[in-house]
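Containing PDB, C-alpha atoms, pLDDT in the B column: start_21.pdb.
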```pdb
ATOM      1  CA  MET A   1      86.617  66.957 114.423  1.00 80.00           C
ATOM      2  CA  PHE A   2      87.056  67.878 110.742  1.00 80.00           C
ATOM      3  CA  GLU A   3      83.811  69.838 110.779  1.00 86.00           C
ATOM      4  CA  ILE A   4      84.991  71.939 113.732  1.00 88.00           C
ATOM      5  CA  VAL A   5      88.386  72.678 112.143  1.00 88.00           C
ATOM      6  CA  PHE A   6      86.763  73.466 108.788  1.00 86.00           C
ATOM      7  CA  GLY A   7      84.223  75.741 110.499  1.00 89.00           C
ATOM      8  CA  LEU A   8      86.960  77.603 112.386  1.00 92.00           C
ATOM      9  CA  PHE A   9      89.045  77.944 109.226  1.00 89.00           C
ATOM     10  CA  PHE A  10      86.023  79.324 107.344  1.00 89.00           C
ATOM     11  CA  ILE A  11      85.254  81.828 110.116  1.00 93.00           C
ATOM     12  CA  VAL A  12      88.876  83.023 110.235  1.00 93.00           C
ATOM     13  CA  PHE A  13      89.028  83.287 106.425  1.00 90.00           C
ATOM     14  CA  LEU A  14      85.757  85.221 106.319  1.00 93.00           C
ATOM     15  CA  GLY A  15      86.958  87.511 109.134  1.00 94.00           C
ATOM     16  CA  VAL A  16      90.211  88.324 107.313  1.00 93.00           C
ATOM     17  CA  PHE A  17      88.295  88.964 104.084  1.00 91.00           C
ATOM     18  CA  VAL A  18      85.808  91.316 105.778  1.00 95.00           C
ATOM     19  CA  TYR A  19      88.603  93.132 107.676  1.00 93.00           C
ATOM     20  CA  THR A  20      90.604  93.658 104.454  1.00 93.00           C
ATOM     21  CA  PHE A  21      87.525  94.850 102.565  1.00 94.00           C
ATOM     22  CA  VAL A  22      86.531  97.325 105.300  1.00 95.00           C
ATOM     23  CA  THR A  23      90.104  98.618 105.660  1.00 94.00           C
ATOM     24  CA  ASN A  24      90.397  99.238 101.905  1.00 92.00           C
ATOM     25  CA  ILE A  25      87.018 100.986 101.738  1.00 95.00           C
ATOM     26  CA  ARG A  26      87.974 103.159 104.744  1.00 94.00           C
ATOM     27  CA  GLN A  27      91.291 104.152 103.086  1.00 91.00           C
ATOM     28  CA  TRP A  28      89.501 104.936  99.803  1.00 93.00           C
ATOM     29  CA  HIS A  29      86.981 107.118 101.648  1.00 94.00           C
ATOM     30  CA  THR A  30      89.712 108.888 103.655  1.00 93.00           C
ATOM     31  CA  ASN A  31      91.654 109.634 100.449  1.00 92.00           C
ATOM     32  CA  ASN A  32      88.513 111.022  98.797  1.00 93.00           C
ATOM     33  CA  GLN A  33      87.910 113.337 101.782  1.00 94.00           C
ATOM     34  CA  SER A  34      91.532 114.562 101.863  1.00 95.00           C
ATOM     35  CA  PRO A  35      92.562 117.722 100.026  1.00 96.00           C
ATOM     36  CA  ARG A  36      94.616 117.478  96.845  1.00 97.00           C
ATOM     37  CA  LEU A  37      98.033 118.865  97.674  1.00 96.00           C
ATOM     38  CA  SER A  38     100.910 119.884  95.429  1.00 97.00           C
ATOM     39  CA  VAL A  39     104.268 120.290  97.169  1.00 97.00           C
ATOM     40  CA  ASP A  40     107.919 120.514  96.202  1.00 97.00           C
ATOM     41  CA  ALA A  41     109.511 117.119  96.772  1.00 98.00           C
ATOM     42  CA  THR A  42     112.552 115.010  95.975  1.00 98.00           C
ATOM     43  CA  VAL A  43     112.507 111.329  95.009  1.00 98.00           C
ATOM     44  CA  VAL A  44     114.688 109.672  97.653  1.00 98.00           C
ATOM     45  CA  ALA A  45     113.984 105.963  97.103  1.00 98.00           C
ATOM     46  CA  LYS A  46     112.196 103.526  94.831  1.00 98.00           C
ATOM     47  CA  ARG A  47     111.196  99.924  95.428  1.00 97.00           C
ATOM     48  CA  SER A  48     109.078  97.226  93.866  1.00 97.00           C
ATOM     49  CA  ASP A  49     107.310  94.280  95.465  1.00 96.00           C
ATOM     50  CA  VAL A  50     106.822  91.151  93.363  1.00 95.00           C
ATOM     51  CA  SER A  51     104.255  88.593  94.479  1.00 93.00           C
ATOM     52  CA  HIS A  52     103.804  85.102  93.054  1.00 88.00           C
ATOM     53  CA  ASN A  53     100.564  83.148  93.275  1.00 85.00           C
ATOM     54  CA  HIS A  54     100.400  79.444  92.467  1.00 81.00           C
ATOM     55  CA  HIS A  55      97.144  77.884  91.269  1.00 79.00           C
ATOM     56  CA  HIS A  56      96.337  74.231  90.638  1.00 79.00           C
ATOM     57  CA  HIS A  57      93.786  73.425  87.950  1.00 77.00           C
ATOM     58  CA  ASN A  58      93.122  70.015  86.364  1.00 80.00           C
ATOM     59  CA  GLY A  59      96.441  68.670  87.609  1.00 80.00           C
ATOM     60  CA  HIS A  60      98.440  71.580  86.212  1.00 82.00           C
ATOM     61  CA  MET A  61     100.100  74.294  88.202  1.00 85.00           C
ATOM     62  CA  HIS A  62      99.756  77.889  87.018  1.00 84.00           C
ATOM     63  CA  THR A  63     101.733  80.806  88.379  1.00 87.00           C
ATOM     64  CA  THR A  64     100.696  84.438  88.203  1.00 89.00           C
ATOM     65  CA  THR A  65     103.004  87.266  89.123  1.00 92.00           C
ATOM     66  CA  SER A  66     102.145  90.840  90.013  1.00 93.00           C
ATOM     67  CA  THR A  67     104.410  93.757  90.806  1.00 96.00           C
ATOM     68  CA  SER A  68     103.588  96.756  92.981  1.00 97.00           C
ATOM     69  CA  TYR A  69     105.697  99.903  92.712  1.00 98.00           C
ATOM     70  CA  TYR A  70     106.473 102.425  95.468  1.00 98.00           C
ATOM     71  CA  VAL A  71     108.352 105.732  95.531  1.00 98.00           C
ATOM     72  CA  THR A  72     109.504 107.586  98.651  1.00 98.00           C
ATOM     73  CA  PHE A  73     109.354 111.369  98.434  1.00 98.00           C
ATOM     74  CA  GLN A  74     110.929 113.889 100.796  1.00 98.00           C
ATOM     75  CA  VAL A  75     109.241 117.278 101.124  1.00 96.00           C
ATOM     76  CA  GLN A  76     110.897 120.566 102.154  1.00 93.00           C
ATOM     77  CA  SER A  77     110.091 120.045 105.864  1.00 94.00           C
ATOM     78  CA  GLY A  78     112.176 116.848 105.788  1.00 95.00           C
ATOM     79  CA  ASP A  79     109.150 114.563 106.131  1.00 96.00           C
ATOM     80  CA  ARG A  80     109.085 111.494 103.912  1.00 97.00           C
ATOM     81  CA  MET A  81     106.161 109.612 102.441  1.00 97.00           C
ATOM     82  CA  GLU A  82     106.016 106.426 100.439  1.00 98.00           C
ATOM     83  CA  LEU A  83     103.276 106.260  97.825  1.00 97.00           C
ATOM     84  CA  GLY A  84     102.186 103.467  95.527  1.00 97.00           C
ATOM     85  CA  VAL A  85     102.599 104.443  91.873  1.00 98.00           C
ATOM     86  CA  LYS A  86     101.842 102.901  88.487  1.00 97.00           C
ATOM     87  CA  SER A  87     104.629 101.168  86.570  1.00 96.00           C
ATOM     88  CA  TYR A  88     104.866 103.997  84.016  1.00 97.00           C
ATOM     89  CA  ASP A  89     105.332 106.654  86.719  1.00 97.00           C
ATOM     90  CA  TYR A  90     107.844 104.406  88.510  1.00 97.00           C
ATOM     91  CA  GLY A  91     109.900 104.073  85.334  1.00 96.00           C
ATOM     92  CA  MET A  92     109.908 107.812  84.696  1.00 96.00           C
ATOM     93  CA  MET A  93     111.367 108.738  88.107  1.00 97.00           C
ATOM     94  CA  VAL A  94     114.967 108.488  89.264  1.00 96.00           C
ATOM     95  CA  GLU A  95     116.293 108.893  92.784  1.00 97.00           C
ATOM     96  CA  GLY A  96     117.326 112.520  93.184  1.00 96.00           C
ATOM     97  CA  ASP A  97     114.622 113.899  90.878  1.00 97.00           C
ATOM     98  CA  TYR A  98     113.162 117.172  92.158  1.00 97.00           C
ATOM     99  CA  GLY A  99     109.733 118.483  91.280  1.00 97.00           C
ATOM    100  CA  VAL A 100     106.136 119.006  92.301  1.00 98.00           C
ATOM    101  CA  LEU A 101     104.398 116.036  93.905  1.00 98.00           C
ATOM    102  CA  THR A 102     100.608 115.991  93.754  1.00 98.00           C
ATOM    103  CA  PHE A 103      98.792 113.618  96.084  1.00 97.00           C
ATOM    104  CA  GLN A 104      95.513 113.134  97.926  1.00 97.00           C
ATOM    105  CA  GLY A 105      95.823 111.325 101.234  1.00 94.00           C
ATOM    106  CA  THR A 106      97.874 108.239 100.387  1.00 94.00           C
ATOM    107  CA  ARG A 107      96.931 108.386  96.698  1.00 96.00           C
ATOM    108  CA  PHE A 108      99.660 109.420  94.231  1.00 98.00           C
ATOM    109  CA  LEU A 109      98.291 111.771  91.569  1.00 97.00           C
ATOM    110  CA  GLY A 110     101.422 112.905  89.757  1.00 97.00           C
ATOM    111  CA  PHE A 111     104.963 114.168  89.821  1.00 98.00           C
ATOM    112  CA  GLU A 112     106.205 116.970  87.572  1.00 97.00           C
ATOM    113  CA  ARG A 113     109.989 117.153  87.384  1.00 96.00           C
ATOM    114  CA  LYS A 114     111.607 120.609  87.710  1.00 94.00           C
ATOM    115  CA  LEU A 115     115.144 121.919  87.518  1.00 83.00           C
ATOM    116  CA  LYS A 116     116.611 122.943  90.875  1.00 71.00           C
TER     117      LYS A 116
END
```
Can you turn what I pasted into structure tokens?
Amino acid sequence: MFEIVFGLFFIVFLGVFVYTFVTNIRQWHTNNQSPRLSVDATVVAKRSDVSHNHHHHNGHMHTTTSTSYYVTFQVQSGDRMELGVKSYDYGMMVEGDYGVLTFQGTRFLGFERKLK
């Protein structure tokens, strides 16, 4: 019975890994094929997502933490898009900032603040 459960677990784990890998490669390719656009935009929201991972090694527990940063921009048409940004860019933006957003697909390339 253990062998069947272990085999099923391994197949499911492998399937999730392959699916995630293919999805990420597809998104990377789509971004590379998309045009680079620069549009007027306003920062309307910011959020961060903290994840904790616990590891056991030689009887000791180790915890690693990673933070992902996201900014929501609103363009002149009223459409909004949330893009993942680096911590430095996240720290330099404030809700209400207006400027030129440069992006490629779902990839954030930059934001240059302007006066309204």
Write out as a PyMOL selection string each polymer residue whose atoms come within 6 Å of Ala45 of chain A, counting all atoms listed in the file; drop sequence neighbours fewer than 2 positions from it.
-> chain A and resi 43+71-72+95
Residues returned when the PyMOL selection byres ((chain A and resi 109) around 12) runs on this file, as a PyMOL selection string = chain A and resi 31+35-39+83-86+89+100-108+110-112
Any chance you could work out the residue set of the PyMOL selection byres ((chain A and resi 64) around 12) here, as a ChimeraX atom specification?
-> /A:50-56,61-63,65-67
Please identify all polymer residues within 9 Å of Ser87 of chain A, counting all atoms listed in the file, omitting same-chain residues fewer than 3 positions from it, and present them as a count of residues only.
-> 6
From A:Gln74, A:Thr23, A:Asn58, A:Asn32, residue lying nearest Val44 of chain A [only C-alpha atoms] =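 Distance minimum relative to Val44 of chain A lands on A:Gln74.
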The distance between atom CA of Arg47 of chain A and atom CA of Phe73 of chain A is 12.0 Å
Atom CA of Asp79 of chain A to atom CA of Ala41 of chain A, distance in Å rounded to a single decimal = 9.7 Å
Rounded to one decimal place, report the atom CA of His29 of chain A-atom CA of Met81 of chain A distance in Å.
->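 Calculated distance between atom CA of His29 of chain A and atom CA of Met81 of chain A is 19.4 Å.
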